[in-house]
Number of protein chains: 2
Amino acid sequence: MSSDQDTPVDTDPEVQDEKARRRLIELAETFYDQFEGGDVPSMEIPTRTKSNIVFDEESGVWVLGDRHSTRSANSVRGAKKLLKSIYTVEFLATQLDEDRSSTLRELYYLSESWDNEYAQFSSQDESNQLVEDLELVSGVTREDFHMRPEESGATIMGPLELREQTRRGERVIHCQKDVGEGGYQIPNNPDTIEFLEHDAAFILCVETGGMRDRLVENGFDEKHDALIVHLKGQPARATRRITRRLNDELGLPVAVFTDGDPWSYRIYGSVAYGSIKSAHLSEYLATPAAQFVGIRPQDIQEYDLPSDPLSDSDVNALESELDDPRFQTDFWEEQIGLQLEMEKKSEQQALASRGLDFVTDEYLPTRLAEMDII
Amino acid sequence: MSSDQDTPVDTDPEVQDEKARRRLIELAETFYDQFEGGDVPSMEIPTRTKSNIVFDEESGVWVLGDRHSTRSANSVRGAKKLLKSIYTVEFLATQLDEDRSSTLRELYYLSESWDNEYAQFSSQDESNQLVEDLELVSGVTREDFHMRPEESGATIMGPLELREQTRRGERVIHCQKDVGEGGYQIPNNPDTIEFLEHDAAFILCVETGGMRDRLVENGFDEKHDALIVHLKGQPARATRRITRRLNDELGLPVAVFTDGDPWSYRIYGSVAYGSIKSAHLSEYLATPAAQFVGIRPQDIQEYDLPSDPLSDSDVNALESELDDPRFQTDFWEEQIGLQLEMEKKSEQQALASRGLDFVTDEYLPTRLAEMDII
């Protein structure tokens, strides 16, 4: 969880692993010292609720506020939680030591093999939650613990050459010349990637596969020197992380292109401002400089796009966005207000009603020029 | 839709495109001849229902039976359908001529730009259905019409070098040495791929991303010369197509490794025998030689795997599988019977309860040896 935005990420796996391992050991030492001093062991954990996320002016993203709760062994429930934490810390430290990795689901199942039955997890929610707690208190990300996500990263296509550290050695890959039409598959932990060279002018994050394929077929990445990042719906952490790094390290502007409905605005929000669930990682995952291209409600109106009526849950979601601190800007208030008035939503691919080239010849060049990106 | 299993697929795009275009023109000619001869234009379409799929002994897959329905212009409804077919045939023939492609969703939206409003689709279901009808009557696949799917293909990792024809030229890619940990991304139309060289002994199709990553991390592909194909849940057509071609052209055995629940058995069924929805393409998509590794209900019992109780919908799905011609074998009747008795299901990753290496050191080697694959 580096807050240093100017220097590239250290992609040397040994350095990263040692740092993560040290933080886990320090946590175990805290408990040890508490026992030694005759204190009841306890752990302070920041509260993760909507009311405890605040906007951080300096970093430009929403982060956790100051509220904490204390998890203490002075109750049976608290003691069990701390026992589980200790077993998990031991598992993670060993995993780092042996250069292994595992998924959240494997951790849950693996706990069945632990020798103390009180340390075993009763549900995967519980083990997931505990890993997030450990991220919070250690300041180290899940990826640095070598916990792999279930969700997989998406793909990149564009003028970028990178070096990926894999378990089988280094791979140097150019994301146009060395890949098939499917593009470069983002690995689970994109901090194993070093950016080598690029001719990119900006990054375009695209929600749907259909639109990503349209842009690649129309050669949009070649014509405009765009790095096309496929978000695949709600983006995985790996996808958000690499977008952040492309923005930080290459100094490239980021534009987000989604459907025109409230769920897609949330996708943009999670790329740009972070999510409530991972607000403790916003500085690592969010790209506050990311701008929204569209589909804007205004586009639905101006281009007379094929649309569907808003459902009740769409209306509720739009109204709840008006209350969401991430959407309290003039732009969003105007657009969401317009959409509630029109009672319509449209998909990215609705632009095809004006021909298959409209999106690459007209829509995106116009919007990106308005946004000073091209 | 080649039924020739011995010769490799012709990956020359021009040859494929010309063949598909010719079939579309022939279809238009049929209508033309009907008009010329003073007949009411009509089209015969095979019926696609569960009761019209039959087992084809020769090819070993379930295919459509002989029942047909006639779509004729002697009703307003039928005439509109044929009008839409004509517009779609023209669109597809032009698309092939210009070497473009599009998605099913784009076709639906694009119809809004057609000059005859009766030719426009009223829903995407209608346009999807029509493209499937055209596959049926022309004997050419959607991919050969250059219709891209929304669903994307998954990934391959293993000792295989291939050449992909992309719009940007040829790419030669080794699916271990030239890819990152994410693997090689299967393109939308895998018939643009030519297999060059390989050291693979068999193909292992894996349902979940978590298990795919486990096998790659443990080096299972290297140790056992396995080509690991990630199915990503219910596999996309591209994933099923490449599995079929790997089996046909490289003569490699195929094993399918999924969760132990009725929905996963359907995933196996669609790989091995084809699906009702695409029964007209079984010879192109299905791999009748594919064998089921597990998780078998028997494994849940023998290895005492962590499990969840069957839900009502699980029980219904299992019972409906007992009625499904694809599952009427001794193996499946025994396993499904056992599962209904135990009332339990388990995931692939539940094997982690015996340690992270159990699946690669014990479970898979034992099962694959029993199946004579290794």
# chains A, B, ... in the order shown; residues from 1 in each chain; ligands from 1
>>> interface_residues(of="chain A", to="chain B", cutoff="7 Å", atoms="only C-alpha atoms", output="PyMOL selection string")
chain A and resi 103+105-106+109-113+150+164+166+171+178-183+185-187+209-210+349-350+352-355
>>> residues_around(residues="A:Leu134", least_positions_apart="4", cutoff="9 Å", atoms="only C-alpha atoms", output="MDAnalysis selection string")
chainID A and resid 24 45 85 89 129:130 138:142
>>> residues_around(residues="B:Ala272", least_positions_apart="2", cutoff="12 Å", atoms="only C-alpha atoms", output="ChimeraX atom specification")
/B:59-62,205,235,240-241,243-244,247,253-256,265-270,274-275,279,282-292,326-327
>>> select_by_dssp(residues="stretch 33-203 of chain B", states="strand (DSSP E)", output="compact mmCIF listing (two decimals) with N, CA and C atoms, in the first residue's frame")
# COMPACT_ATOMS: atom_id res chain seq x y z
N SER B 42 -40.50 -19.49 -48.61
CA SER B 42 -40.52 -20.17 -47.31
C SER B 42 -39.15 -20.75 -47.01
N MET B 43 -38.98 -21.14 -45.76
CA MET B 43 -37.68 -21.64 -45.29
C MET B 43 -37.98 -22.78 -44.32
N GLU B 44 -37.28 -23.90 -44.47
CA GLU B 44 -37.45 -25.04 -43.57
C GLU B 44 -36.42 -24.94 -42.44
N ILE B 45 -36.87 -25.01 -41.21
CA ILE B 45 -35.92 -24.89 -40.09
C ILE B 45 -36.06 -26.07 -39.15
N PRO B 46 -34.95 -26.76 -38.85
CA PRO B 46 -35.02 -27.88 -37.91
C PRO B 46 -35.53 -27.40 -36.54
N ILE B 53 -33.58 -33.81 -29.96
CA ILE B 53 -32.15 -34.10 -30.02
C ILE B 53 -31.95 -35.61 -29.91
N VAL B 54 -31.09 -36.13 -30.76
CA VAL B 54 -30.87 -37.57 -30.81
C VAL B 54 -29.37 -37.85 -30.77
N PHE B 55 -29.02 -39.05 -30.31
CA PHE B 55 -27.61 -39.41 -30.23
C PHE B 55 -27.13 -39.92 -31.58
N ASP B 56 -26.07 -39.31 -32.06
CA ASP B 56 -25.52 -39.73 -33.33
C ASP B 56 -24.36 -40.69 -33.07
N VAL B 61 -21.97 -37.63 -30.52
CA VAL B 61 -22.54 -36.46 -29.83
C VAL B 61 -24.04 -36.40 -30.09
N TRP B 62 -24.74 -35.57 -29.30
CA TRP B 62 -26.16 -35.38 -29.49
C TRP B 62 -26.37 -34.33 -30.56
N VAL B 63 -27.19 -34.68 -31.53
CA VAL B 63 -27.44 -33.75 -32.64
C VAL B 63 -28.95 -33.56 -32.81
N LEU B 64 -29.33 -32.61 -33.63
CA LEU B 64 -30.74 -32.39 -33.89
C LEU B 64 -31.33 -33.56 -34.67
N HIS B 68 -38.77 -30.71 -38.54
CA HIS B 68 -38.60 -29.38 -39.11
C HIS B 68 -39.88 -28.58 -38.94
N SER B 69 -39.75 -27.27 -38.97
CA SER B 69 -40.94 -26.45 -39.12
C SER B 69 -40.73 -25.57 -40.35
N THR B 70 -41.82 -25.13 -40.94
CA THR B 70 -41.72 -24.31 -42.14
C THR B 70 -42.09 -22.87 -41.80
N ARG B 71 -41.21 -21.96 -42.20
CA ARG B 71 -41.50 -20.54 -42.01
C ARG B 71 -41.86 -19.98 -43.38
N SER B 72 -43.11 -19.58 -43.52
CA SER B 72 -43.57 -19.18 -44.84
C SER B 72 -44.13 -17.77 -44.83
N SER B 102 -19.00 -8.19 -35.97
CA SER B 102 -19.87 -7.47 -35.04
C SER B 102 -20.39 -8.45 -34.00
N THR B 103 -21.00 -7.90 -32.95
CA THR B 103 -21.57 -8.77 -31.92
C THR B 103 -23.06 -8.93 -32.17
N MET B 147 -19.78 -13.13 -36.58
CA MET B 147 -20.54 -12.61 -35.45
C MET B 147 -19.76 -12.98 -34.19
N ARG B 148 -19.31 -11.98 -33.46
CA ARG B 148 -18.55 -12.23 -32.24
C ARG B 148 -19.50 -12.47 -31.08
N THR B 155 -8.69 -19.10 -21.06
CA THR B 155 -7.24 -19.10 -21.29
C THR B 155 -6.68 -20.52 -21.37
N ILE B 156 -5.49 -20.61 -21.96
CA ILE B 156 -4.76 -21.89 -22.05
C ILE B 156 -3.38 -21.70 -21.45
N MET B 157 -2.90 -22.69 -20.71
CA MET B 157 -1.52 -22.71 -20.24
C MET B 157 -1.00 -24.12 -20.45
N LEU B 160 2.33 -25.83 -25.69
CA LEU B 160 1.76 -25.78 -27.04
C LEU B 160 2.20 -24.47 -27.69
N GLU B 161 2.71 -24.59 -28.91
CA GLU B 161 3.01 -23.40 -29.70
C GLU B 161 1.98 -23.29 -30.80
N LEU B 162 1.41 -22.10 -30.97
CA LEU B 162 0.37 -21.94 -31.98
C LEU B 162 0.59 -20.67 -32.77
N ARG B 163 -0.08 -20.59 -33.92
CA ARG B 163 -0.04 -19.38 -34.73
C ARG B 163 -1.46 -18.85 -34.83
N GLU B 164 -1.66 -17.60 -34.39
CA GLU B 164 -2.98 -16.99 -34.50
C GLU B 164 -2.96 -15.96 -35.63
N GLN B 165 -3.97 -16.04 -36.50
CA GLN B 165 -4.14 -15.03 -37.54
C GLN B 165 -4.93 -13.88 -36.93
N THR B 166 -4.30 -12.74 -36.71
CA THR B 166 -5.06 -11.61 -36.21
C THR B 166 -5.22 -10.61 -37.34
N GLY B 169 -1.96 -9.21 -38.44
CA GLY B 169 -0.92 -10.12 -38.90
C GLY B 169 -0.83 -11.36 -38.03
N GLU B 170 0.12 -12.22 -38.35
CA GLU B 170 0.27 -13.48 -37.64
C GLU B 170 0.99 -13.29 -36.31
N ARG B 171 0.60 -14.08 -35.32
CA ARG B 171 1.32 -14.08 -34.05
C ARG B 171 1.64 -15.53 -33.71
N VAL B 172 2.92 -15.80 -33.46
CA VAL B 172 3.30 -17.14 -33.01
C VAL B 172 3.51 -17.07 -31.51
N ILE B 173 2.76 -17.87 -30.77
CA ILE B 173 2.75 -17.77 -29.30
C ILE B 173 2.90 -19.16 -28.69
N HIS B 174 3.84 -19.30 -27.76
CA HIS B 174 3.96 -20.53 -26.99
C HIS B 174 3.20 -20.32 -25.69
N TYR B 184 -2.56 -17.82 -22.12
CA TYR B 184 -2.90 -17.37 -23.46
C TYR B 184 -4.41 -17.18 -23.55
N GLN B 185 -4.81 -15.99 -24.00
CA GLN B 185 -6.23 -15.65 -24.09
C GLN B 185 -6.80 -16.22 -25.39
N ILE B 193 -6.70 -20.06 -35.37
CA ILE B 193 -5.48 -20.61 -34.77
C ILE B 193 -5.03 -21.86 -35.51
N GLU B 194 -3.72 -21.96 -35.68
CA GLU B 194 -3.12 -23.19 -36.22
C GLU B 194 -2.19 -23.72 -35.14
N PHE B 195 -2.29 -25.00 -34.84
CA PHE B 195 -1.40 -25.59 -33.83
C PHE B 195 -0.07 -25.93 -34.50
N LEU B 196 1.03 -25.46 -33.94
CA LEU B 196 2.33 -25.70 -34.58
C LEU B 196 3.05 -26.90 -33.98
N GLU B 197 3.43 -26.77 -32.70
CA GLU B 197 4.16 -27.86 -32.06
C GLU B 197 3.68 -28.01 -30.64
N HIS B 198 3.82 -29.21 -30.10
CA HIS B 198 3.42 -29.37 -28.71
C HIS B 198 4.13 -30.56 -28.07
N PHE B 202 -1.96 -34.59 -22.51
CA PHE B 202 -3.43 -34.58 -22.40
C PHE B 202 -3.89 -33.15 -22.12
N ILE B 203 -5.22 -32.99 -22.19
CA ILE B 203 -5.83 -31.69 -21.97
C ILE B 203 -6.66 -31.78 -20.69
>>> select_by_dssp(residues="stretch 169-257 of chain A", states="helix (DSSP H, G or I)", output="ChimeraX atom specification")
/A:190-192,209-217,220-223,237-250
>>> residues_around(residues="A:Asp199", least_positions_apart="3", cutoff="9 Å", atoms="only C-alpha atoms", output="list in words")
Gly158, Pro159, Leu160, Asp225 and Ala226 of chain A
